[in-house]
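Colleague: Dumping the structure here so I can ask a few things about it.
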Amino acid sequence: METYIIYEQQTRPDGIINVLQPVTRQSFASALSYYYDRCSKMVMTDLYTSVSIMLVDENLNVIKHDTLDTLYVPPVEEPVEEPTEG
């Protein structure tokens, strides 16, 4: 029986990369389903600037990989107004 592994890395706004524990699946259909489920969830998040996801087989042959832009929007700094006299 073949094993499939999904790797995921999440890039935070501060530049730190979260490396998630690899997820394994015993069937290709299940692995592909999990892969696309994670892609759809990560595209809609605003917690990370980007997310990289990779699906490999048990010999580490890359089947699919994507680096996704997310809905993250950097905060806008408001200009500081000086108090006026009078």
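Note on naming: chains are A, B, ... as they come in the structure tokens, residues start from 1 per chain, ligands start from 1 in the order shown.
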Just list as a count of residues only whatever in chain A DSSP marks as strand (DSSP E or B).

Modeller: 30

Colleague: Neighbouring residues of Ile53 (chain A) were defined as those with any atom within 10 Å, considering only C-alpha atoms; residues of the same chain fewer than 4 positions away were excluded. Please report them as an MDAnalysis selection string.

Modeller: chainID A and resid 6:10 35:36 38:39 42 64:68

Colleague: Which of these, A:Asn18, A:Glu81, A:Tyr4, A:Pro75, has the shortest distance to Ser33 (chain A) once you count only C-alpha atoms?

Modeller: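 Looking at the shortest contact to Ser33 (chain A), the residue is A:Tyr4.
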
Colleague: Determine which residues of chain A receive a DSSP assignment of alpha helix (DSSP H), computed from the backbone, and state them as an MDAnalysis selection string.

Modeller: chainID A and resid 28:43

Colleague: Within 7 Å of Leu71 (chain A), counting only C-alpha atoms, which residues qualify if same-chain residues fewer than 3 places away don't, as a PyMOL selection string?

Modeller: chain A and resi 43-46

Colleague: Counting only C-alpha atoms, what is within 9 Å of Ile5 (chain A), bar same-chain residues fewer than 2 positions away, as a list of chain:residue names?

Modeller: A:Thr3, A:Tyr7, A:Pro22, A:Val23, A:Thr24, A:Arg25, A:Gln26, A:Ala31, A:Met54, A:Leu55, A:Val56, A:Asp57, A:Glu58, A:Leu60

Colleague: Just checking: using only C-alpha atoms, which residue out of A:Met1, A:Thr70, A:Glu77, A:Glu82 ends up closest to Ser27 (chain A)?

Modeller: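 For Ser27 (chain A), the nearest of the given residues is A:Met1.
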
Colleague: Residues near Pro74 (chain A), anyone? I mean within 12 Å using only C-alpha atoms, not counting same-chain ones fewer than 5 positions away, as a PyMOL selection string.

Modeller: chain A and resi 12-14+46-49

Colleague: Generate a file of the selected residues that holds N, CA, C and O atoms, formatted as an mmCIF file, in the first residue's frame.

Modeller:
```
data_model
loop_
_atom_site.group_PDB
_atom_site.id
_atom_site.type_symbol
_atom_site.label_atom_id
_atom_site.label_comp_id
_atom_site.auth_asym_id
_atom_site.auth_seq_id
_atom_site.Cartn_x
_atom_site.Cartn_y
_atom_site.Cartn_z
ATOM 1 N N ARG A 12 4.279 33.783 8.481
ATOM 2 C CA ARG A 12 3.589 34.789 9.288
ATOM 3 C C ARG A 12 4.004 36.193 8.862
ATOM 4 O O ARG A 12 5.046 36.374 8.238
ATOM 5 N N PRO A 13 3.195 37.199 9.212
ATOM 6 C CA PRO A 13 3.538 38.591 8.866
ATOM 7 C C PRO A 13 4.887 39.044 9.437
ATOM 8 O O PRO A 13 5.544 39.896 8.850
ATOM 9 N N ASP A 14 5.316 38.469 10.560
ATOM 10 C CA ASP A 14 6.601 38.858 11.145
ATOM 11 C C ASP A 14 7.782 38.119 10.510
ATOM 12 O O ASP A 14 8.916 38.274 10.932
ATOM 13 N N ASP A 46 -6.440 35.248 6.864
ATOM 14 C CA ASP A 46 -5.697 36.511 6.896
ATOM 15 C C ASP A 46 -4.627 36.477 7.991
ATOM 16 O O ASP A 46 -4.076 37.493 8.363
ATOM 17 N N LEU A 47 -4.314 35.284 8.492
ATOM 18 C CA LEU A 47 -3.320 35.134 9.549
ATOM 19 C C LEU A 47 -1.896 35.044 9.012
ATOM 20 O O LEU A 47 -0.940 35.318 9.728
ATOM 21 N N TYR A 48 -1.742 34.617 7.761
ATOM 22 C CA TYR A 48 -0.425 34.402 7.175
ATOM 23 C C TYR A 48 -0.319 35.167 5.857
ATOM 24 O O TYR A 48 -1.311 35.375 5.176
ATOM 25 N N THR A 49 0.901 35.534 5.492
ATOM 26 C CA THR A 49 1.094 36.248 4.231
ATOM 27 C C THR A 49 1.079 35.284 3.052
ATOM 28 O O THR A 49 0.624 35.635 1.969
#
```
